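File shown: query09.txt. Contents: compact mmCIF, C-alpha atoms.
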```txt
# COMPACT_ATOMS: atom_id res chain seq x y z
CA MET A 1 169.58 111.93 -10.51
CA LYS A 2 171.31 111.18 -7.21
CA PHE A 3 174.95 110.52 -6.33
CA LEU A 4 176.18 107.96 -3.84
CA CYS A 5 179.59 107.82 -2.20
CA VAL A 6 180.30 104.11 -2.66
CA LEU A 7 182.94 103.95 0.06
CA CYS A 8 180.69 105.55 2.72
CA ASP A 9 177.35 104.37 1.25
CA GLN A 10 176.08 107.91 1.79
CA PRO A 11 174.15 110.17 -0.60
CA MET A 12 176.32 113.05 -1.73
CA LYS A 13 175.17 116.63 -1.23
CA LEU A 14 174.99 119.27 -3.92
CA ILE A 15 177.48 121.95 -2.90
CA GLU A 16 177.72 124.42 -5.74
CA MET A 17 177.11 124.97 -9.42
CA ALA A 18 179.48 126.88 -11.64
CA PRO A 19 177.99 129.37 -14.12
CA PRO A 20 176.92 127.73 -17.40
CA ASP A 21 179.62 127.46 -20.02
CA ARG A 22 178.30 127.14 -23.59
CA GLY A 23 175.29 125.23 -22.32
CA ALA A 24 177.30 122.90 -20.08
CA LEU A 25 176.92 122.89 -16.31
CA SER A 26 179.45 121.91 -13.64
CA ILE A 27 177.69 120.79 -10.49
CA VAL A 28 179.81 119.87 -7.47
CA TYR A 29 178.76 117.19 -4.97
CA GLU A 30 180.38 116.27 -1.67
CA CYS A 31 180.10 113.25 0.58
CA PRO A 32 179.05 114.42 4.05
CA GLU A 33 181.05 111.57 5.63
CA CYS A 34 184.45 111.66 3.93
CA ALA A 35 184.20 115.08 2.22
CA HIS A 36 185.18 113.54 -1.11
CA ARG A 37 184.04 115.77 -3.95
CA ILE A 38 183.02 114.99 -7.48
CA ALA A 39 181.64 117.18 -10.25
CA MET A 40 178.83 116.29 -12.63
CA LEU A 41 179.47 117.88 -16.03
CA THR A 42 176.41 118.04 -18.25
CA ASN A 43 176.55 118.40 -21.98
CA PRO A 44 174.33 121.09 -23.57
CA LEU A 45 171.67 118.58 -24.64
CA GLU A 46 171.35 117.19 -21.11
CA THR A 47 171.12 120.73 -19.74
CA GLN A 48 168.46 121.60 -22.28
CA VAL A 49 166.36 118.49 -21.71
CA VAL A 50 166.13 119.08 -17.96
CA THR A 51 165.59 122.84 -18.11
CA SER A 52 162.82 122.24 -20.67
CA LEU A 53 160.75 121.08 -17.71
CA GLY A 54 160.78 124.73 -16.64
CA VAL A 55 162.91 124.05 -13.58
CA GLN A 56 166.05 125.54 -12.12
CA ILE A 57 169.08 123.33 -11.79
CA GLY A 58 171.29 123.78 -8.77
CA PRO A 59 170.83 124.84 -5.16
CA GLY A 60 168.58 127.79 -6.02
CA GLN A 61 171.25 129.97 -7.55
CA GLY A 62 171.28 128.61 -11.06
CA ASP A 63 171.21 131.37 -13.63
CA ILE A 64 169.84 129.23 -16.46
CA SER A 65 166.88 131.29 -17.62
CA LYS A 66 163.48 129.63 -17.24
CA CYS A 67 162.16 131.98 -19.89
CA PRO A 68 161.52 129.93 -23.03
CA PHE A 69 161.41 132.92 -25.32
CA SER A 70 164.17 135.11 -23.90
CA GLY A 71 165.71 135.75 -27.33
CA MET A 72 162.42 136.91 -28.83
CA VAL A 73 161.56 139.02 -25.80
CA GLN A 74 164.93 140.74 -25.83
CA GLU A 75 164.50 141.53 -29.51
CA MET A 76 160.96 142.86 -29.10
CA THR A 77 161.65 145.05 -26.09
CA GLY A 78 164.88 146.31 -27.62
CA GLY A 79 166.70 145.08 -24.55
CA ALA A 80 164.65 147.43 -22.39
CA ALA A 81 163.70 144.69 -19.98
CA ALA A 82 166.23 145.80 -17.42
CA THR A 83 168.01 149.02 -16.64
CA PRO A 84 171.71 148.86 -17.60
CA ALA A 85 174.09 148.58 -14.63
CA GLY A 86 175.08 151.91 -13.16
CA GLU A 87 172.15 153.80 -14.64
CA LYS A 88 169.38 155.13 -12.46
CA PRO A 89 166.01 153.62 -13.47
CA ALA A 90 163.52 156.14 -14.85
CA VAL A 91 160.81 154.73 -12.59
CA VAL A 92 161.04 152.68 -9.42
CA TRP A 93 158.92 149.63 -8.67
CA THR A 94 157.67 149.04 -5.13
CA ASP A 95 158.12 145.57 -3.64
CA ALA A 96 154.37 144.90 -3.88
CA ALA A 97 154.29 145.86 -7.55
CA ILE A 98 157.30 143.61 -8.26
CA GLU A 99 155.57 140.79 -6.43
CA ARG A 100 152.56 141.23 -8.70
CA LEU A 101 154.81 141.24 -11.76
CA GLN A 102 156.40 137.98 -10.61
CA ARG A 103 153.01 136.24 -10.59
CA ILE A 104 152.75 136.39 -14.37
CA PRO A 105 154.61 133.94 -16.66
CA ASP A 106 158.26 134.92 -16.81
CA PHE A 107 158.33 135.10 -20.59
CA VAL A 108 155.80 137.96 -20.61
CA ARG A 109 157.35 139.92 -17.72
CA PRO A 110 159.73 142.01 -19.84
CA MET A 111 156.81 143.07 -22.09
CA ALA A 112 154.63 143.91 -19.09
CA ARG A 113 157.47 145.79 -17.40
CA SER A 114 158.37 147.91 -20.41
CA GLY A 115 154.71 148.67 -21.20
CA ILE A 116 153.93 149.78 -17.65
CA GLU A 117 157.12 151.81 -17.36
CA LYS A 118 156.24 153.63 -20.57
CA TYR A 119 152.75 154.29 -19.18
CA ALA A 120 154.24 155.64 -15.92
CA GLN A 121 156.71 157.86 -17.75
CA ASP A 122 153.96 159.22 -20.00
CA LYS A 123 151.98 160.08 -16.85
CA GLY A 124 155.03 161.66 -15.17
CA LEU A 125 155.10 159.06 -12.40
CA ALA A 126 158.36 158.26 -10.60
CA GLU A 127 157.13 155.16 -8.81
CA ILE A 128 155.06 152.15 -9.82
CA ASP A 129 153.00 150.67 -7.05
CA GLU A 130 149.89 148.47 -7.05
CA ALA A 131 147.62 151.50 -7.45
CA VAL A 132 149.50 152.50 -10.62
CA LEU A 133 149.11 148.96 -11.95
CA ASP A 134 145.36 149.09 -11.30
CA THR A 135 145.10 152.51 -12.93
CA ALA A 136 147.06 151.28 -15.96
CA LYS A 137 144.77 148.26 -16.22
CA ASP A 138 141.73 150.55 -16.26
CA PHE A 139 143.44 152.94 -18.66
CA PHE A 140 143.93 150.13 -21.16
CA GLY A 141 140.32 149.03 -20.69
CA MET A 142 141.13 145.67 -19.13
CA MET B 1 175.09 99.59 -1.15
CA LYS B 2 172.11 101.94 -1.24
CA THR B 3 170.00 102.13 -4.36
CA TYR B 4 168.12 105.07 -5.87
CA HIS B 5 164.99 104.44 -3.83
CA ASP B 6 166.89 104.22 -0.52
CA ILE B 7 167.85 107.88 -0.81
CA ALA B 8 165.28 110.57 -0.07
CA GLY B 9 165.03 113.61 -2.32
CA ASP B 10 167.01 114.07 -5.50
CA GLY B 11 170.45 115.31 -6.45
CA GLY B 12 169.84 118.69 -4.86
CA SER B 13 167.86 120.64 -7.46
CA ASP B 14 164.50 119.26 -6.30
CA VAL B 15 163.34 118.94 -9.90
CA ILE B 16 160.31 116.84 -8.94
CA GLY B 17 159.44 119.32 -6.18
CA GLN B 18 159.53 122.17 -8.67
CA VAL B 19 157.28 120.29 -11.08
CA VAL B 20 154.83 119.44 -8.28
CA ALA B 21 154.85 123.08 -7.13
CA LYS B 22 153.87 124.17 -10.62
CA ARG B 23 150.98 121.68 -10.66
CA SER B 24 149.77 123.20 -7.37
CA LYS B 25 149.99 126.69 -8.85
CA ILE B 26 147.94 125.56 -11.85
CA ALA B 27 145.27 124.05 -9.59
CA GLU B 28 145.15 127.27 -7.56
CA SER B 29 144.88 129.40 -10.69
CA LEU B 30 142.01 127.28 -12.07
CA ALA B 31 140.12 127.09 -8.77
CA GLY B 32 137.43 129.49 -10.01
CA VAL B 33 136.90 127.69 -13.34
CA ARG B 34 133.73 125.62 -13.35
CA HIS B 35 134.36 123.72 -16.55
CA LEU B 36 137.54 123.18 -18.47
CA VAL B 37 136.61 122.23 -22.03
CA ALA B 38 139.33 121.25 -24.49
CA ILE B 39 138.51 121.72 -28.16
CA GLY B 40 140.55 119.26 -30.20
CA SER B 41 140.55 117.14 -33.31
CA GLY B 42 143.88 115.68 -34.15
CA LYS B 43 143.40 116.93 -37.70
CA GLY B 44 144.58 120.39 -38.67
CA GLY B 45 142.57 122.91 -40.66
CA VAL B 46 139.11 121.70 -39.63
CA GLY B 47 138.14 124.90 -37.82
CA LYS B 48 138.99 124.18 -34.17
CA SER B 49 140.03 127.73 -33.45
CA THR B 50 137.16 129.35 -35.33
CA LEU B 51 134.59 127.18 -33.58
CA THR B 52 136.29 127.75 -30.22
CA MET B 53 135.85 131.50 -30.58
CA GLN B 54 132.31 131.15 -31.93
CA LEU B 55 131.39 128.81 -29.07
CA ALA B 56 132.81 131.31 -26.59
CA GLU B 57 130.74 134.03 -28.24
CA ALA B 58 127.64 131.84 -28.00
CA PHE B 59 128.29 131.23 -24.30
CA ARG B 60 128.73 134.98 -23.73
CA ALA B 61 125.47 135.65 -25.55
CA ARG B 62 123.88 133.34 -22.95
CA ASP B 63 125.42 135.33 -20.07
CA LYS B 64 128.15 132.81 -19.30
CA GLN B 65 131.61 133.87 -18.14
CA VAL B 66 134.09 132.41 -20.57
CA ALA B 67 137.75 132.63 -21.49
CA ILE B 68 139.94 130.99 -24.13
CA LEU B 69 143.45 129.66 -23.73
CA ASP B 70 145.15 129.15 -27.07
CA ALA B 71 147.25 126.01 -26.55
CA ASP B 72 148.58 126.12 -30.08
CA LEU B 73 151.83 127.85 -29.24
CA ASN B 74 153.28 127.43 -32.72
CA GLY B 75 150.26 128.49 -34.75
CA PRO B 76 148.30 130.72 -32.39
CA THR B 77 145.18 132.33 -33.87
CA GLN B 78 142.92 133.31 -30.99
CA ALA B 79 144.40 136.79 -30.55
CA ARG B 80 143.61 137.54 -34.19
CA LEU B 81 140.14 135.95 -34.00
CA GLY B 82 139.37 138.07 -30.93
CA GLY B 83 140.83 141.29 -32.35
CA LEU B 84 143.45 141.33 -29.60
CA ARG B 85 146.76 141.19 -31.41
CA SER B 86 148.05 144.40 -29.82
CA ALA B 87 146.46 144.10 -26.38
CA PRO B 88 148.74 145.23 -23.52
CA VAL B 89 150.31 142.72 -21.13
CA MET B 90 149.13 143.63 -17.64
CA PRO B 91 149.90 142.00 -14.26
CA GLY B 92 146.86 141.79 -11.98
CA PRO B 93 146.63 140.76 -8.32
CA ARG B 94 146.34 137.08 -9.26
CA GLY B 95 148.44 136.87 -12.38
CA LEU B 96 148.27 138.08 -15.95
CA VAL B 97 145.04 139.91 -16.75
CA PRO B 98 143.52 138.22 -19.82
CA PRO B 99 142.73 140.78 -22.53
CA LYS B 100 139.03 140.73 -23.38
CA THR B 101 137.15 140.84 -26.65
CA ALA B 102 134.43 143.41 -27.23
CA SER B 103 131.88 140.97 -25.82
CA GLY B 104 133.99 140.16 -22.74
CA ILE B 105 135.72 136.90 -23.65
CA GLY B 106 139.13 136.65 -21.97
CA VAL B 107 141.74 135.48 -24.45
CA VAL B 108 145.28 134.33 -23.73
CA SER B 109 147.20 133.53 -26.88
CA MET B 110 150.81 133.64 -27.94
CA GLY B 111 149.49 135.50 -30.97
CA GLY B 112 148.86 138.49 -28.72
CA LEU B 113 152.41 138.40 -27.38
CA PHE B 114 154.53 138.03 -30.49
CA PRO B 115 153.99 139.37 -34.02
CA GLU B 116 152.77 136.91 -36.65
CA SER B 117 155.96 137.55 -38.64
CA GLU B 118 158.01 135.93 -35.83
CA ALA B 119 158.44 132.16 -35.46
CA VAL B 120 157.88 130.97 -31.92
CA ASP B 121 161.48 130.48 -30.95
CA PHE B 122 162.50 128.79 -27.73
CA ALA B 123 165.77 129.81 -26.13
CA SER B 124 168.14 126.85 -26.21
CA VAL B 125 171.65 125.91 -25.16
CA SER B 126 171.56 122.88 -27.44
CA SER B 127 171.28 123.93 -31.05
CA GLY B 128 170.12 121.44 -33.66
CA ASP B 129 168.50 119.01 -31.24
CA SER B 130 165.14 120.66 -30.69
CA TYR B 131 163.23 117.46 -31.55
CA VAL B 132 164.52 116.01 -28.27
CA TRP B 133 163.25 118.68 -25.91
CA ARG B 134 160.83 120.98 -27.73
CA ALA B 135 157.57 119.20 -26.82
CA THR B 136 158.57 119.25 -23.15
CA ARG B 137 159.39 122.95 -23.40
CA GLU B 138 156.05 123.69 -25.00
CA PHE B 139 154.15 121.93 -22.23
CA SER B 140 156.21 123.81 -19.68
CA ALA B 141 155.27 127.13 -21.34
CA PHE B 142 151.63 126.00 -21.51
CA GLY B 143 151.78 125.22 -17.78
CA ASP B 144 153.21 128.69 -17.13
CA LEU B 145 150.21 130.19 -18.93
CA LEU B 146 147.72 128.06 -16.99
CA ALA B 147 149.38 128.95 -13.69
CA GLY B 148 150.31 132.57 -14.35
CA VAL B 149 146.98 133.98 -15.53
CA GLY B 150 144.33 135.41 -13.23
CA TRP B 151 141.44 133.44 -14.72
CA GLY B 152 138.99 134.53 -12.03
CA THR B 153 135.52 133.02 -11.88
CA LEU B 154 134.50 131.37 -15.12
CA ASP B 155 131.73 129.08 -16.28
CA PHE B 156 133.97 127.84 -19.08
CA LEU B 157 137.63 127.93 -19.90
CA LEU B 158 137.93 126.73 -23.50
CA VAL B 159 141.34 125.35 -24.44
CA ASP B 160 142.00 125.50 -28.18
CA LEU B 161 144.31 122.54 -28.81
CA PRO B 162 146.95 122.20 -31.53
CA PRO B 163 146.58 119.48 -34.20
CA GLY B 164 147.99 115.98 -33.74
CA ALA B 165 146.26 112.90 -32.33
CA GLU B 166 149.14 112.20 -29.94
CA ARG B 167 149.20 115.85 -28.86
CA THR B 168 145.48 115.67 -28.06
CA PHE B 169 146.20 112.72 -25.77
CA GLN B 170 149.16 114.52 -24.17
CA TYR B 171 147.03 117.59 -23.45
CA ALA B 172 144.42 115.34 -21.82
CA GLU B 173 147.11 113.99 -19.53
CA TYR B 174 148.48 117.46 -18.79
CA LEU B 175 145.08 119.07 -18.15
CA GLY B 176 143.96 116.18 -15.97
CA ALA B 177 140.68 114.32 -15.63
CA ALA B 178 138.65 117.48 -15.01
CA ALA B 179 138.96 118.56 -18.65
CA ALA B 180 136.05 117.55 -20.90
CA PHE B 181 136.68 117.18 -24.63
CA VAL B 182 134.86 118.36 -27.74
CA MET B 183 136.20 117.09 -31.05
CA ILE B 184 135.95 118.90 -34.38
CA THR B 185 135.83 117.20 -37.76
CA ILE B 186 134.75 118.01 -41.29
CA PRO B 187 132.58 115.65 -43.37
CA SER B 188 135.39 113.74 -45.06
CA ASP B 189 136.82 110.33 -44.27
CA VAL B 190 140.32 111.80 -44.24
CA SER B 191 139.34 114.02 -41.35
CA ARG B 192 137.11 111.50 -39.61
CA GLY B 193 139.86 108.90 -39.73
CA VAL B 194 142.23 111.15 -37.81
CA VAL B 195 139.55 112.27 -35.37
CA SER B 196 138.62 108.64 -34.81
CA ARG B 197 142.25 107.94 -33.89
CA SER B 198 142.23 110.87 -31.43
CA ILE B 199 139.02 109.62 -29.85
CA ALA B 200 140.57 106.15 -29.48
CA ALA B 201 143.57 107.72 -27.74
CA LEU B 202 141.34 109.72 -25.42
CA ARG B 203 139.49 106.55 -24.40
CA LYS B 204 142.65 105.61 -22.52
CA THR B 205 142.22 108.69 -20.34
CA PRO B 206 139.61 109.39 -17.65
CA ASN B 207 138.52 112.55 -19.48
CA ARG B 208 134.89 113.01 -20.40
CA MET B 209 134.15 113.07 -24.12
CA LEU B 210 131.21 115.40 -24.74
CA GLY B 211 131.02 114.61 -28.44
CA TYR B 212 131.99 115.96 -31.82
CA ILE B 213 131.01 118.87 -34.01
CA GLU B 214 130.87 118.47 -37.79
CA ASN B 215 132.23 121.69 -39.21
CA MET B 216 131.93 122.75 -42.86
CA SER B 217 128.81 120.62 -43.05
CA GLY B 218 127.69 122.12 -46.32
CA TYR B 219 128.11 125.79 -47.20
CA TYR B 220 125.71 128.60 -46.68
CA CYS B 221 124.91 130.52 -49.85
CA ASP B 222 123.89 134.10 -49.06
CA GLY B 223 122.37 134.56 -52.51
CA CYS B 224 119.90 131.68 -52.33
CA ASP B 225 119.69 131.60 -48.50
CA ASP B 226 120.29 127.87 -48.50
CA VAL B 227 122.83 125.35 -47.24
CA ARG B 228 124.32 123.36 -50.14
CA PRO B 229 126.63 120.31 -50.04
CA LEU B 230 130.33 121.18 -49.80
CA PHE B 231 131.79 117.70 -50.15
CA ALA B 232 130.97 115.44 -53.10
CA ALA B 233 130.11 112.40 -50.99
CA PRO B 234 129.17 112.02 -47.35
CA ALA B 235 131.79 110.62 -44.97
CA THR B 236 131.45 106.91 -44.23
CA ILE B 237 133.59 106.58 -41.10
CA VAL B 238 131.36 106.58 -38.04
CA LEU B 239 132.57 108.41 -34.94
CA ASP B 240 131.41 106.49 -31.91
CA VAL B 241 130.72 109.55 -29.73
CA PRO B 242 127.66 111.84 -29.62
CA ARG B 243 127.26 114.35 -32.40
CA LEU B 244 126.78 117.76 -30.81
CA GLY B 245 125.78 119.46 -34.02
CA ALA B 246 126.79 120.48 -37.51
CA VAL B 247 127.98 123.91 -38.64
CA PRO B 248 127.87 124.98 -42.29
CA PHE B 249 130.73 126.85 -43.90
CA ASP B 250 129.88 130.52 -44.14
CA PRO B 251 132.14 132.86 -46.14
CA GLU B 252 130.99 135.71 -43.90
CA LEU B 253 132.28 133.80 -40.86
CA ALA B 254 135.68 133.40 -42.52
CA ALA B 255 135.75 137.12 -43.25
CA ALA B 256 134.75 137.90 -39.66
CA CYS B 257 137.66 135.76 -38.41
CA ASP B 258 140.12 137.78 -40.46
CA ARG B 259 138.60 141.01 -39.13
CA GLY B 260 138.95 139.79 -35.54
CA ALA B 261 135.27 140.08 -34.79
CA PRO B 262 133.19 136.94 -34.19
CA LEU B 263 130.04 136.55 -36.24
CA VAL B 264 127.01 137.28 -34.07
CA ASP B 265 124.06 137.48 -36.46
CA ARG B 266 121.82 134.71 -35.14
CA ASN B 267 119.93 134.60 -38.41
CA ARG B 268 122.93 133.06 -40.12
CA PRO B 269 122.81 129.23 -39.99
CA ALA B 270 126.39 128.89 -38.72
CA VAL B 271 125.75 131.18 -35.74
CA ALA B 272 122.43 129.48 -34.97
CA ALA B 273 124.10 126.05 -35.16
CA VAL B 274 126.91 127.05 -32.80
CA GLY B 275 124.34 128.53 -30.43
CA ALA B 276 122.47 125.24 -30.32
CA ILE B 277 125.75 123.39 -29.68
CA ALA B 278 126.60 125.80 -26.84
CA GLU B 279 123.22 125.04 -25.28
CA GLU B 280 123.82 121.30 -25.65
CA ILE B 281 127.24 121.57 -23.99
CA SER B 282 125.69 123.62 -21.19
CA ARG B 283 123.03 120.96 -20.77
CA LEU B 284 125.59 118.15 -20.67
CA LEU B 285 127.69 119.99 -18.12
CA GLU B 286 124.67 121.25 -16.20
CA VAL B 287 125.71 124.90 -16.38
```
Let me see whether you can do it: turn the structure in this file into structure tokens.
Amino acid sequence: MKFLCVLCDQPMKLIEMAPPDRGALSIVYECPECAHRIAMLTNPLETQVVTSLGVQIGPGQGDISKCPFSGMVQEMTGGAAATPAGEKPAVVWTDAAIERLQRIPDFVRPMARSGIEKYAQDKGLAEIDEAVLDTAKDFFGM
Amino acid sequence: MKTYHDIAGDGGSDVIGQVVAKRSKIAESLAGVRHLVAIGSGKGGVGKSTLTMQLAEAFRARDKQVAILDADLNGPTQARLGGLRSAPVMPGPRGLVPPKTASGIGVVSMGGLFPESEAVDFASVSSGDSYVWRATREFSAFGDLLAGVGWGTLDFLLVDLPPGAERTFQYAEYLGAAAAFVMITIPSDVSRGVVSRSIAALRKTPNRMLGYIENMSGYYCDGCDDVRPLFAAPATIVLDVPRLGAVPFDPELAAACDRGAPLVDRNRPAVAAVGAIAEEISRLLEV
């Protein structure tokens, strides 16, 4: 979908997207010529149909989850997918290990993360790097 | 006044760009796969999943590298068939490491990720309208699995398709022309009619049709060591594609499926038949 400023005959630019509100999005566009702004307001069904393609809506900051099974994952991991704000994580992930985690489908990341963190804690490790991931893979016979 | 096609790009989210990027990731992930073989039917309950695992086992027994992707997100069975329902989820250097069966078949199945007591539930901001978007969401999740797994170097990646003639066609479009198809039927006109419809749909695609397998083609009686008829009358509908072979129903195979251990005794007619089909597929694909 594209937006055109009829007066200026110019395509409008996406400026910002407000956080989702009960499944509805507010996406603000501006004409680069006359600075006129409009907002596209999606209903929940429209939001759902587009995000079902597995894409992010907005200029890269959209916080609509791409994870199709986030409810199930949260339930299964007991909400252990992320460390609560303000609490120090029991184990720290190196950037390279996080990069490796981000290569797997996002709906299995919380399971992978919690399983590896449990493995690291059982082994008394404070940091998870690529070597730990390789060792864990061997440990589980994979 | 400008029209849609006069304006480059989209409304700012680059939705098409994101979809194209995922297709590139899928191609990259499958770069080491020699043959993508989709096992479909259109009809449910004819033994697609069982024969997929048995075929994989037959390929492994012939020193082929093989993995299975369970595309049936709603009724996944491959994790159970491979004895991998509690396998850990591990990130490798090139994506998710597929858990392997005892004989070394990589298996990626939703059944290994979520307990069988849980319905596959997609997060949604639009309750009550899932019929509008669910199929799209499922293909998106399927694409994530194709792209996010470190498949490595394989002779065969077998894709166990869900039932539905239209779904079979949609998977052909999603997998692209490189995917070859094997269809499964049982010797009844009810089944053959649906499979015939799926084959007709696949003719509209560039995908190669390797042929069909007739499953439950008689049953193997252990007591009398003989294959007896299972259906009262032979099917009359002719499938206009090559017949790759026929596999008798074997109660021991059904029990092995429940145990999560493929049947490997080559003296049993079902195992011997699947072995011959694996060799025929290898011959057709020049592996």
Exercise. Please measure the separation of CA of Phe139 in chain B and CA of Gly58 in chain A, giving the value in Å to one decimal.
Key: 21.9 Å
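Minimum distance to Tyr29 in chain A across A:Lys118, A:Lys123, A:Lys2, A:Arg103 (counting all atoms listed in the file) occurs at A:Lys2.
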Practice problem: Write out as a count of residues only every residue belonging to chain A that has an atom at most 6 Å from any atom of chain B, counting only C-alpha atoms. | Solution: 23
Quiz item: Any idea what's packed within 10 Å of Val28 in chain A, counting all atoms listed in the file, ignoring anything in its chain fewer than 3 positions away? Could you give it as a ChimeraX atom specification?
Solution: /A:12-18,25,37-41,58
Quiz item: Leaving out range 280-283 of chain B and any residue of its chain fewer than 5 positions from it, which residues lie within 10 Å of it when counting only C-alpha atoms, given as an MDAnalysis selection string?
Solution: chainID B and resid 35 37 55 59 64 155:156 182 210:211 244:245 274:275
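Between Val247 in chain B and the candidates B:Leu175, B:Val194, B:Ile186, B:Val287, the tightest atom-to-atom separation, counting all atoms listed in the file, involves B:Ile186.
Taking CA of Leu230 in chain B and CA of Gly218 in chain B as endpoints, the distance between them is 4.5 Å.
Nearest to Val108 in chain A of all the residues B:Gly112, B:Val159, B:Ala165, B:Thr153 is B:Gly112, based on all atoms listed in the file.
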